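final-v1.cif (mmCIF, C-alpha atoms)
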data_input
#
loop_
_atom_site.label_atom_id
_atom_site.label_comp_id
_atom_site.auth_asym_id
_atom_site.auth_seq_id
_atom_site.Cartn_x
_atom_site.Cartn_y
_atom_site.Cartn_z
CA MET A 1 12.64 -9.23 -39.54
CA ALA A 2 14.07 -6.26 -37.61
CA THR A 3 11.12 -4.07 -38.51
CA THR A 4 8.72 -6.50 -36.88
CA VAL A 5 10.71 -6.98 -33.68
CA THR A 6 11.74 -3.39 -32.88
CA PRO A 7 8.26 -2.00 -32.06
CA VAL A 8 7.71 -4.82 -29.59
CA THR A 9 11.01 -4.43 -27.75
CA ASN A 10 10.97 -0.63 -27.66
CA ARG A 11 7.42 -0.01 -26.56
CA LYS A 12 6.55 0.17 -22.88
CA PRO A 13 4.73 -2.98 -21.76
CA GLY A 14 1.17 -2.12 -20.81
CA TYR A 15 -1.61 -3.40 -18.59
CA ARG A 16 -2.78 -5.81 -21.31
CA ASP A 17 0.63 -7.46 -21.39
CA LEU A 18 0.67 -7.66 -17.61
CA LEU A 19 -2.73 -9.31 -17.35
CA ARG A 20 -1.70 -11.93 -19.90
CA THR A 21 0.92 -13.24 -17.48
CA PRO A 22 0.16 -16.95 -16.98
CA GLY A 23 -1.63 -17.56 -13.70
CA ALA A 24 -2.24 -13.87 -12.92
CA TRP A 25 -6.02 -14.01 -12.80
CA THR A 26 -6.00 -16.96 -10.40
CA PHE A 27 -4.66 -14.77 -7.59
CA LEU A 28 -5.86 -11.32 -8.72
CA LEU A 29 -9.58 -11.96 -8.24
CA PRO A 30 -9.44 -13.55 -4.77
CA GLY A 31 -6.71 -11.07 -3.85
CA PHE A 32 -9.01 -8.17 -4.71
CA LEU A 33 -11.79 -9.63 -2.56
CA ALA A 34 -9.39 -10.22 0.34
CA ARG A 35 -8.17 -6.61 0.15
CA GLN A 36 -11.55 -5.03 0.81
CA PRO A 37 -11.37 -5.50 4.60
CA PHE A 38 -8.18 -3.42 4.79
CA ALA A 39 -10.08 -0.41 3.45
CA MET A 40 -13.03 -1.03 5.79
CA LEU A 41 -11.37 -1.77 9.13
CA THR A 42 -10.26 1.61 10.49
CA LEU A 43 -13.27 3.48 9.12
CA GLY A 44 -15.60 0.81 10.52
CA ILE A 45 -13.94 1.23 13.92
CA VAL A 46 -14.22 5.02 13.78
CA LEU A 47 -17.92 4.91 12.90
CA LEU A 48 -18.81 2.23 15.46
CA VAL A 49 -16.84 3.67 18.38
CA GLU A 50 -17.98 7.24 17.68
CA ASP A 51 -21.57 6.01 17.66
CA THR A 52 -21.20 4.26 21.01
CA THR A 53 -19.04 6.90 22.74
CA GLY A 54 -19.94 10.15 20.97
CA SER A 55 -16.28 11.12 20.65
CA PHE A 56 -14.15 11.24 17.51
CA GLY A 57 -11.09 11.48 19.76
CA THR A 58 -11.90 8.12 21.36
CA ALA A 59 -12.75 6.59 18.01
CA GLY A 60 -9.49 7.86 16.54
CA ALA A 61 -7.51 6.46 19.48
CA VAL A 62 -8.96 2.96 19.07
CA SER A 63 -8.39 3.14 15.34
CA ALA A 64 -4.83 4.32 15.97
CA VAL A 65 -4.04 1.37 18.22
CA THR A 66 -5.30 -0.95 15.49
CA GLY A 67 -3.04 0.70 12.94
CA VAL A 68 0.01 0.76 15.21
CA SER A 69 -0.49 -2.90 16.03
CA MET A 70 -0.73 -3.76 12.35
CA ALA A 71 2.36 -1.72 11.54
CA LEU A 72 4.39 -3.50 14.22
CA PHE A 73 3.27 -7.01 13.36
CA ALA A 74 2.94 -6.78 9.56
CA PRO A 75 6.68 -7.05 8.82
CA ARG A 76 6.90 -10.12 11.02
CA SER A 77 4.01 -11.63 9.08
CA GLY A 78 5.79 -10.87 5.81
CA ARG A 79 9.02 -12.39 7.07
CA LEU A 80 7.20 -15.57 8.09
CA ALA A 81 5.52 -15.71 4.66
CA ASP A 82 8.94 -15.48 2.98
CA ARG A 83 10.29 -18.29 5.14
CA PHE A 84 7.32 -20.67 5.43
CA GLY A 85 5.06 -19.74 2.52
CA GLN A 86 2.06 -17.47 2.17
CA ARG A 87 -0.57 -20.13 2.83
CA ALA A 88 0.99 -21.17 6.14
CA VAL A 89 0.66 -17.60 7.42
CA LEU A 90 -2.59 -16.55 5.79
CA VAL A 91 -4.94 -19.38 6.77
CA PRO A 92 -4.58 -19.07 10.56
CA GLY A 93 -4.26 -15.31 10.21
CA VAL A 94 -7.68 -14.72 8.64
CA LEU A 95 -9.42 -16.86 11.26
CA LEU A 96 -7.67 -15.04 14.10
CA HIS A 97 -8.50 -11.66 12.59
CA ALA A 98 -12.19 -12.41 12.23
CA ALA A 99 -12.34 -13.55 15.84
CA ALA A 100 -10.47 -10.47 17.07
CA VAL A 101 -12.79 -8.11 15.20
CA GLY A 102 -15.77 -9.95 16.65
CA VAL A 103 -14.48 -9.34 20.18
CA LEU A 104 -13.90 -5.65 19.45
CA VAL A 105 -17.44 -5.25 18.10
CA ALA A 106 -18.94 -6.98 21.14
CA LEU A 107 -17.02 -4.73 23.52
CA ALA A 108 -17.99 -1.57 21.65
CA LEU A 109 -21.67 -2.48 21.61
CA SER A 110 -21.59 -3.27 25.32
CA ARG A 111 -20.07 0.19 25.89
CA ALA A 112 -16.97 -1.26 27.49
CA PRO A 113 -14.42 1.17 28.97
CA LEU A 114 -11.79 2.71 26.75
CA TRP A 115 -8.98 0.55 28.09
CA ALA A 116 -10.88 -2.59 27.03
CA LEU A 117 -11.43 -1.24 23.52
CA LEU A 118 -7.76 -0.32 23.21
CA LEU A 119 -6.74 -3.78 24.43
CA ALA A 120 -9.05 -5.49 21.93
CA ALA A 121 -7.73 -3.30 19.12
CA VAL A 122 -4.25 -4.84 19.44
CA PRO A 123 -5.05 -8.35 18.11
CA ALA A 124 -7.49 -6.89 15.59
CA GLY A 125 -4.66 -4.89 14.03
CA ALA A 126 -1.90 -7.44 14.51
CA SER A 127 -3.83 -10.11 12.61
CA VAL A 128 -4.75 -8.03 9.54
CA PRO A 129 -3.95 -10.28 6.54
CA GLN A 130 -1.16 -8.78 4.41
CA VAL A 131 -2.74 -9.68 1.09
CA GLY A 132 -1.49 -6.61 -0.82
CA PRO A 133 2.20 -7.31 -0.12
CA MET A 134 1.62 -10.99 -0.91
CA VAL A 135 0.13 -10.10 -4.29
CA ARG A 136 3.10 -7.84 -5.04
CA ALA A 137 5.48 -10.65 -4.09
CA ARG A 138 3.65 -12.95 -6.51
CA TRP A 139 4.02 -10.45 -9.32
CA ALA A 140 7.74 -10.12 -8.64
CA HIS A 141 8.11 -13.91 -8.53
CA LEU A 142 6.21 -14.46 -11.78
CA LEU A 143 7.73 -11.59 -13.75
CA ARG A 144 11.34 -11.70 -12.66
CA GLY A 145 11.64 -15.27 -11.47
CA GLY A 146 12.04 -16.49 -7.91
CA PRO A 147 15.19 -16.61 -5.82
CA ASP A 148 15.88 -20.11 -7.15
CA SER A 149 15.96 -18.79 -10.72
CA PRO A 150 19.27 -16.92 -11.06
CA ASP A 151 18.68 -16.33 -14.73
CA GLY A 152 15.48 -14.49 -13.95
CA SER A 153 13.25 -17.06 -15.63
CA GLY A 154 9.78 -15.77 -16.28
CA PRO A 155 7.67 -14.52 -19.16
CA PRO A 156 9.45 -12.73 -22.03
CA GLY A 157 10.07 -9.13 -21.02
CA GLY A 158 8.81 -9.90 -17.53
CA ALA A 159 11.27 -7.62 -15.74
CA ARG A 160 10.11 -4.69 -17.86
CA LEU A 161 6.57 -5.29 -16.61
CA LEU A 162 7.48 -4.77 -12.96
CA SER A 163 6.80 -1.03 -12.95
CA THR A 164 3.51 -1.71 -14.73
CA ALA A 165 2.68 -4.23 -12.01
CA ALA A 166 3.51 -1.62 -9.34
CA ALA A 167 1.12 0.83 -11.00
CA PHE A 168 -1.57 -1.82 -11.40
CA GLU A 169 -1.32 -2.74 -7.72
CA SER A 170 -1.56 0.89 -6.67
CA VAL A 171 -4.71 1.25 -8.76
CA THR A 172 -6.11 -1.95 -7.26
CA ASP A 173 -5.38 -0.71 -3.75
CA GLU A 174 -7.14 2.54 -4.45
CA LEU A 175 -10.12 0.82 -6.05
CA THR A 176 -10.57 -0.93 -2.72
CA PHE A 177 -10.49 2.49 -1.06
CA VAL A 178 -13.24 3.60 -3.42
CA ILE A 179 -15.42 0.58 -2.68
CA GLY A 180 -14.49 -0.19 0.95
CA PRO A 181 -15.26 3.15 2.63
CA VAL A 182 -18.51 3.59 0.72
CA LEU A 183 -19.58 0.06 1.67
CA ALA A 184 -18.55 0.49 5.31
CA THR A 185 -20.32 3.86 5.60
CA ALA A 186 -23.49 2.55 3.95
CA LEU A 187 -23.59 -0.46 6.25
CA CYS A 188 -22.81 1.51 9.42
CA THR A 189 -25.24 4.36 8.74
CA GLY A 190 -27.97 2.44 6.91
CA VAL A 191 -28.02 -0.98 8.57
CA HIS A 192 -26.29 -0.97 11.96
CA PRO A 193 -23.20 0.75 13.43
CA ALA A 194 -21.47 -2.65 13.68
CA ALA A 195 -22.46 -3.87 10.21
CA GLY A 196 -19.31 -2.47 8.57
CA LEU A 197 -16.99 -4.44 10.82
CA ALA A 198 -19.15 -7.58 10.52
CA ALA A 199 -18.82 -7.41 6.74
CA GLU A 200 -15.08 -6.78 7.11
CA ALA A 201 -14.65 -9.98 9.12
CA ALA A 202 -16.72 -12.03 6.67
CA LEU A 203 -14.79 -10.76 3.65
CA THR A 204 -11.51 -11.48 5.43
CA ILE A 205 -12.39 -15.15 5.84
CA VAL A 206 -13.83 -15.72 2.36
CA GLY A 207 -11.28 -13.70 0.39
CA GLY A 208 -8.30 -14.76 2.46
CA LEU A 209 -9.01 -18.48 2.20
CA LEU A 210 -9.65 -18.26 -1.55
CA PHE A 211 -6.38 -16.42 -2.04
CA ALA A 212 -4.45 -18.88 0.12
CA ALA A 213 -5.78 -21.74 -2.01
CA GLN A 214 -3.89 -20.44 -5.08
CA ARG A 215 -0.64 -22.29 -4.43
CA ARG A 216 0.74 -22.46 -7.96
CA THR A 217 1.52 -18.74 -8.23
CA ALA A 218 2.89 -18.33 -4.69
CA PRO A 219 6.61 -17.60 -4.24
CA PRO A 220 8.51 -20.58 -2.81
CA ALA A 221 9.29 -20.64 0.88
CA HIS A 222 12.91 -19.87 1.82
CA ARG A 223 13.83 -20.97 5.31
CA ARG A 224 17.20 -19.20 5.05
CA THR A 225 17.71 -16.15 2.82
CA ARG A 226 21.23 -15.20 1.75
CA GLY A 227 22.82 -12.46 -0.29
CA ALA A 228 25.29 -12.84 -3.14
CA ASP A 229 28.20 -13.06 -0.67
CA GLY A 230 26.57 -15.93 1.19
CA ALA A 231 25.82 -13.86 4.29
CA PRO A 232 22.29 -14.20 5.68
CA HIS A 233 19.93 -11.25 5.28
CA ALA A 234 18.79 -10.30 8.76
CA SER A 235 15.87 -8.24 7.49
CA ALA A 236 14.72 -6.06 4.63
CA LEU A 237 15.04 -3.22 7.14
CA SER A 238 18.84 -3.57 6.94
CA VAL A 239 18.71 -1.94 3.49
CA PRO A 240 19.15 1.85 4.01
CA GLY A 241 16.83 2.76 1.13
CA VAL A 242 14.01 0.75 2.70
CA ARG A 243 14.27 2.86 5.84
CA VAL A 244 14.00 6.06 3.78
CA LEU A 245 10.95 4.72 1.98
CA ILE A 246 9.35 3.81 5.30
CA VAL A 247 9.47 7.51 6.23
CA ALA A 248 7.90 8.41 2.89
CA PHE A 249 5.13 5.85 3.35
CA LEU A 250 4.50 7.06 6.90
CA GLY A 251 3.71 10.45 5.37
CA ILE A 252 1.40 8.87 2.81
CA GLY A 253 -0.38 6.98 5.58
CA SER A 254 -0.88 10.24 7.44
CA VAL A 255 -2.80 11.57 4.45
CA PHE A 256 -5.11 8.56 4.51
CA GLY A 257 -5.67 8.75 8.28
CA GLY A 258 -6.04 12.50 8.46
CA MET A 259 -8.47 12.60 5.54
CA GLN A 260 -10.50 9.71 6.88
CA VAL A 261 -11.17 11.18 10.32
CA SER A 262 -11.39 14.80 9.18
CA MET A 263 -13.86 14.04 6.41
CA ALA A 264 -16.02 12.06 8.83
CA ALA A 265 -15.91 14.94 11.34
CA PHE A 266 -16.67 17.53 8.66
CA THR A 267 -19.71 15.71 7.25
CA ASP A 268 -20.96 15.04 10.79
CA SER A 269 -20.60 18.71 11.69
CA ILE A 270 -22.85 19.76 8.79
CA GLY A 271 -25.43 17.07 9.57
CA GLN A 272 -24.72 14.87 6.53
CA PRO A 273 -22.69 11.90 7.82
CA GLY A 274 -23.74 9.76 4.86
CA LEU A 275 -21.57 11.93 2.57
CA ASN A 276 -18.41 10.74 4.28
CA GLY A 277 -18.13 7.57 2.21
CA VAL A 278 -18.79 9.51 -1.00
CA LEU A 279 -16.15 12.15 -0.24
CA TYR A 280 -13.57 9.57 0.76
CA GLY A 281 -14.45 7.60 -2.36
CA ILE A 282 -13.75 10.70 -4.49
CA PHE A 283 -10.42 11.11 -2.71
CA ALA A 284 -9.53 7.46 -3.43
CA ALA A 285 -10.81 7.76 -7.00
CA GLY A 286 -8.31 10.57 -7.62
CA ASN A 287 -5.56 8.26 -6.43
CA MET A 288 -6.81 5.45 -8.66
CA LEU A 289 -7.10 7.61 -11.80
CA ALA A 290 -3.66 9.11 -11.27
CA GLY A 291 -2.27 5.60 -10.83
CA LEU A 292 -3.75 4.45 -14.14
CA VAL A 293 -2.20 7.36 -16.00
CA PHE A 294 1.13 7.23 -14.17
CA GLY A 295 1.55 3.54 -14.86
CA ALA A 296 0.78 3.93 -18.55
CA LEU A 297 3.42 6.61 -19.17
CA THR A 298 7.04 6.04 -20.12
CA TRP A 299 9.48 7.64 -17.69
CA ARG A 300 13.14 8.33 -18.43
CA SER A 301 14.02 10.03 -15.17
CA ALA A 302 15.43 8.01 -12.28
CA PRO A 303 12.77 6.74 -9.85
CA GLN A 304 14.34 8.52 -6.87
CA ARG A 305 13.93 11.82 -8.73
CA ARG A 306 10.33 10.98 -9.57
CA LEU A 307 9.66 10.19 -5.93
CA LEU A 308 10.89 13.62 -4.86
CA ALA A 309 8.81 15.41 -7.49
CA ALA A 310 5.70 13.37 -6.72
CA TYR A 311 6.07 13.88 -2.98
CA ALA A 312 6.45 17.62 -3.39
CA LEU A 313 3.20 17.62 -5.36
CA LEU A 314 1.44 15.62 -2.65
CA THR A 315 2.62 18.04 0.03
CA LEU A 316 1.37 20.98 -2.02
CA THR A 317 -2.11 19.48 -2.48
CA THR A 318 -2.59 19.01 1.28
CA ALA A 319 -1.83 22.68 2.05
CA PRO A 320 -5.32 24.22 1.54
CA LEU A 321 -7.40 21.45 3.16
CA TRP A 322 -7.64 23.15 6.56
CA ALA A 323 -9.53 26.07 5.00
CA VAL A 324 -12.36 23.91 3.63
CA ASP A 325 -15.85 25.22 4.44
CA ALA A 326 -18.10 23.52 1.86
CA VAL A 327 -18.72 20.01 0.54
CA PRO A 328 -18.03 20.81 -3.15
CA LEU A 329 -14.70 22.42 -2.26
CA LEU A 330 -13.73 19.46 -0.09
CA ALA A 331 -14.62 17.10 -2.94
CA VAL A 332 -12.37 18.98 -5.39
CA LEU A 333 -9.45 19.29 -2.98
CA GLY A 334 -9.88 15.66 -1.93
CA LEU A 335 -9.70 14.59 -5.57
CA LEU A 336 -6.48 16.59 -6.11
CA THR A 337 -4.91 15.23 -2.94
CA GLY A 338 -5.78 11.70 -4.02
CA MET A 339 -4.14 12.34 -7.37
CA GLY A 340 -0.97 13.37 -5.54
CA ILE A 341 -0.67 10.04 -3.72
CA ALA A 342 -0.49 7.47 -6.54
CA PRO A 343 2.80 8.64 -8.15
CA SER A 344 4.56 8.50 -4.78
CA LEU A 345 3.19 5.05 -3.96
CA ILE A 346 3.97 3.56 -7.37
CA THR A 347 7.51 4.93 -7.47
CA GLY A 348 8.11 3.87 -3.88
CA PHE A 349 7.07 0.28 -4.52
CA THR A 350 9.16 0.22 -7.71
CA LEU A 351 12.19 1.28 -5.67
CA VAL A 352 11.49 -1.35 -3.02
CA GLU A 353 11.53 -4.12 -5.60
CA ARG A 354 14.83 -2.85 -6.95
CA LEU A 355 16.50 -2.36 -3.58
CA VAL A 356 15.85 -5.67 -1.80
CA PRO A 357 16.89 -9.26 -2.57
CA ALA A 358 14.21 -11.68 -3.70
CA GLY A 359 14.17 -13.72 -0.51
CA VAL A 360 12.83 -10.82 1.58
CA ARG A 361 10.39 -9.27 -0.89
CA THR A 362 7.22 -9.99 1.06
CA GLU A 363 8.81 -8.65 4.24
CA ALA A 364 9.91 -5.49 2.43
CA PHE A 365 6.44 -4.91 1.00
CA THR A 366 4.88 -5.44 4.42
CA TRP A 367 7.22 -2.83 5.91
CA MET A 368 5.74 -0.40 3.41
CA ALA A 369 2.17 -1.48 4.15
CA GLY A 370 2.92 -1.28 7.87
CA ALA A 371 4.36 2.21 7.48
CA VAL A 372 1.20 3.35 5.72
CA ALA A 373 -0.89 1.79 8.48
CA LEU A 374 1.20 3.39 11.22
CA GLY A 375 1.04 6.79 9.56
CA GLN A 376 -2.68 6.36 9.11
CA ALA A 377 -3.13 5.37 12.76
CA VAL A 378 -1.10 8.21 14.25
CA ALA A 379 -2.75 10.73 11.93
CA ALA A 380 -6.22 9.41 12.76
CA SER A 381 -5.55 9.82 16.47
CA ALA A 382 -4.02 13.29 16.06
CA ALA A 383 -6.80 14.44 13.73
CA GLY A 384 -9.42 13.13 16.15
CA GLN A 385 -7.91 15.07 19.05
CA LEU A 386 -7.62 18.25 16.98
CA THR A 387 -11.17 17.85 15.74
CA ASP A 388 -12.55 17.46 19.26
CA GLY A 389 -10.55 20.44 20.50
CA PHE A 390 -10.57 22.92 17.64
CA GLY A 391 -13.31 21.99 15.18
CA ALA A 392 -13.87 19.78 12.16
CA SER A 393 -11.33 21.45 9.86
CA ALA A 394 -8.42 21.33 12.32
CA GLY A 395 -7.71 17.67 11.57
CA PHE A 396 -6.72 18.52 8.00
CA THR A 397 -3.49 20.12 9.27
CA VAL A 398 -2.15 16.66 10.13
CA PRO A 399 -1.54 15.46 6.54
CA LEU A 400 0.25 18.71 5.70
CA ALA A 401 2.61 18.57 8.68
CA ALA A 402 3.44 14.90 8.15
CA THR A 403 4.12 15.16 4.42
CA VAL A 404 6.37 18.20 4.92
CA LEU A 405 8.50 16.28 7.43
CA ALA A 406 8.64 13.21 5.17
CA LEU A 407 9.56 15.28 2.12
CA VAL A 408 12.47 16.89 3.96
CA THR A 409 13.72 13.46 5.08
CA VAL A 410 13.48 11.90 1.62
CA ALA A 411 15.24 14.88 0.03
CA ALA A 412 18.08 14.74 2.55
CA LEU A 413 18.61 10.97 2.20
CA ARG A 414 17.77 10.51 -1.48
CA GLY A 415 21.21 9.04 -2.15
CA TRP A 416 20.18 5.90 -0.24
CA LEU A 417 17.47 5.24 -2.83
CA LYS A 418 19.93 4.41 -5.63
CA PRO A 419 20.36 0.66 -6.16
CA ASP A 420 23.98 -0.45 -6.50
CA GLY A 421 24.99 0.10 -10.07
CA GLY A 422 21.78 1.97 -10.81
CA GLN A 423 21.49 4.54 -13.57
CA GLU A 424 20.08 8.03 -13.45
CA GLY A 425 17.59 7.61 -16.26
CA ASP A 426 15.78 4.30 -16.20
CA GLY A 427 13.13 5.16 -18.74
CA GLN A 428 11.15 2.15 -19.85
CA THR A 429 13.21 -0.24 -17.83
CA ASP A 430 11.76 0.44 -14.40
CA GLY A 431 11.88 -2.65 -12.31
CA GLY A 432 15.08 -4.06 -13.78
CA LYS A 433 17.41 -4.59 -10.85
CA ALA A 434 20.76 -2.96 -11.39
CA GLY A 435 23.60 -5.31 -12.09
CA ASP A 436 21.55 -8.51 -12.23
CA GLY A 437 22.05 -9.13 -15.92
CA ARG A 438 18.37 -8.81 -16.75
CA PRO A 439 16.58 -6.27 -18.92
CA GLY A 440 17.13 -2.78 -17.64
CA ASP A 441 20.21 -3.42 -15.55
CA GLY A 442 22.04 -0.54 -17.20
CA ARG A 443 25.12 -2.54 -18.14
CA PRO A 444 27.32 -1.19 -20.91
CA GLY A 445 26.20 -2.38 -24.28
CA ASP A 446 22.57 -3.09 -23.41
CA GLY A 447 21.36 0.22 -24.84
CA LYS A 448 19.71 1.26 -21.60
CA GLY A 449 22.18 3.83 -20.35
CA PRO A 450 25.49 3.97 -18.50
CA ARG A 451 26.15 2.68 -15.06
CA THR A 452 26.66 5.41 -12.48
CA GLY A 453 26.97 3.42 -9.26
#
Can the structure from this file be put into structure tokens for me?
Amino acid sequence: MATTVTPVTNRKPGYRDLLRTPGAWTFLLPGFLARQPFAMLTLGIVLLVEDTTGSFGTAGAVSAVTGVSMALFAPRSGRLADRFGQRAVLVPGVLLHAAAVGVLVALALSRAPLWALLLAAVPAGASVPQVGPMVRARWAHLLRGGPDSPDGSGPPGGARLLSTAAAFESVTDELTFVIGPVLATALCTGVHPAAGLAAEAALTIVGGLLFAAQRRTAPPAHRRTRGADGAPHASALSVPGVRVLIVAFLGIGSVFGGMQVSMAAFTDSIGQPGLNGVLYGIFAAGNMLAGLVFGALTWRSAPQRRLLAAYALLTLTTAPLWAVDAVPLLAVLGLLTGMGIAPSLITGFTLVERLVPAGVRTEAFTWMAGAVALGQAVAASAAGQLTDGFGASAGFTVPLAATVLALVTVAALRGWLKPDGGQEGDGQTDGGKAGDGRPGDGRPGDGKGPRTG
């Protein structure tokens, strides 16, 4: 009997095991559709506003306001979803977002002044549906069990699948950044400058409503969230490790924003704007491929150590971008930079799940998504200004500067990333929350390693 059980318990759960989770496909497919707009919004704004104003600086500024607005409002949206349920937040949100994007498009086409575009960008960003964090919260609920399940009820070995789920979600995110930018560029350059944003609004409504209709897999609403000591959790932001990860995700967002604007400026400067979507798709494909490999490997080092190593690699890959002078070189460097992102994202989301209590998961995930959006927005604005002032390649210095600053911060505060009672080498047990009595908690006698906290 032991010979038949041991291979199953010792092997790392894979993507096949994850996708066999009951109910997974009911939210994965509509969730994937609803994610496409996120990858299309800022690029659609850049292409439309640049076409109507002739300035990448202006386009980057409008895009930046959208991203900042999303970053500020996303955590509030996640907190409301934790308290009142995902459907209650998502249904009005998608309708409001589609209307806000429609107003922004109308103003851009009428060549409204900059202040009007910036004003319209606020609700467009604030209402972006947080489907990615909601999907991650559903995985955590299904695999570990919800807050009302103290024994961690869920599928057998569910907690061990959490790191696989984090990798799968990173790959899914990046697949949207392969499809979304190519689709937005094709529509904006081949159909009409506003076609990308029109498609973004339509996909938001259709995908968002289909996702909201999947009630059975949604985490339960928790009007009041409390910790083990009975004290209410004010916010996921009260966890020190979450604040460190926000800095890390700001740096990752800067790579997205800087690459997006700088690639668009570079291809425009050589008279081939249609290549922008292809180049950005290659960049995102590198992220996606690295995510697939990273999620399939077994890791025995602690996740905070992996985050440092992965972030150092990301910083290194952004260093030569400013010297790009040819499309093939930019494609290769973009692919390598994309490959540097996925390990940092996957490890960061794994740490988030381990650091925060179940009742604030969606909020915590939206802080991460908001940090990426804020980093993307600030980088897009900075890259646009540098591009207008110093040439197409100058914008590529933004990702390098931002990732260096984030790497220094994460290295200095890495101690905050250790969950209470966490172990140094988590190996195959990524996702098991330390001290919760579930697989991978590192308690003496479970064969997973000693407690160090």
Inset, instruction - Run the PyMOL selection byres ((chain A and resi 73-87) around 8) on the file and write out the hits as an MDAnalysis selection string. - result: chainID A and resid 69:72 88:91 126:128 130 133:134 212:213 215 218:224 359:367 369:370
Legend entry - Contact residues around Val324 (chain A) with all atoms listed in the file at 12 Å, ignoring same-chain residues under 6 positions, as a VMD selection string: chain A and resid 262 to 263 266 to 267 318 330 to 334 391 to 397
Inset, instruction - Run the PyMOL selection byres ((chain A and resi 248-251) around 6) mentally over the shown coordinates, then write out the matched residues as a VMD selection string, using the chain letters and numbers from the document. - result: chain A and resid 245 to 247 252 to 254 371 to 372 375 402 to 403 406
Emit the selected residues as an mmCIF file, in the coordinates of the input, including C-alpha atoms.
data_model
loop_
_atom_site.group_PDB
_atom_site.id
_atom_site.type_symbol
_atom_site.label_atom_id
_atom_site.label_comp_id
_atom_site.auth_asym_id
_atom_site.auth_seq_id
_atom_site.Cartn_x
_atom_site.Cartn_y
_atom_site.Cartn_z
ATOM 1 C CA LEU A 245 10.950 4.720 1.980
ATOM 2 C CA ILE A 246 9.350 3.810 5.300
ATOM 3 C CA VAL A 247 9.470 7.510 6.230
ATOM 4 C CA ILE A 252 1.400 8.870 2.810
ATOM 5 C CA GLY A 253 -0.380 6.980 5.580
ATOM 6 C CA SER A 254 -0.880 10.240 7.440
ATOM 7 C CA ALA A 371 4.360 2.210 7.480
ATOM 8 C CA VAL A 372 1.200 3.350 5.720
ATOM 9 C CA GLY A 375 1.040 6.790 9.560
ATOM 10 C CA ALA A 402 3.440 14.900 8.150
ATOM 11 C CA THR A 403 4.120 15.160 4.420
ATOM 12 C CA ALA A 406 8.640 13.210 5.170
#
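Our summary of the geometry notes that CA of Leu118 (chain A) is positioned 20.5 Å from CA of Cys188 (chain A).
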Inset, instruction - Tell me which of A:Trp25, A:Phe177, A:Phe168, A:Trp139 sits closest to Pro37 (chain A), counting all atoms listed in the file. - result: A:Phe177
Inset, instruction - Please evaluate the PyMOL selection byres ((chain A and resi 19-21) around 10) against the displayed coordinates and give the resulting residues as a VMD selection string. - result: chain A and resid 14 to 18 22 to 25 28 139 142 to 143 154 to 156 158 161 165 168
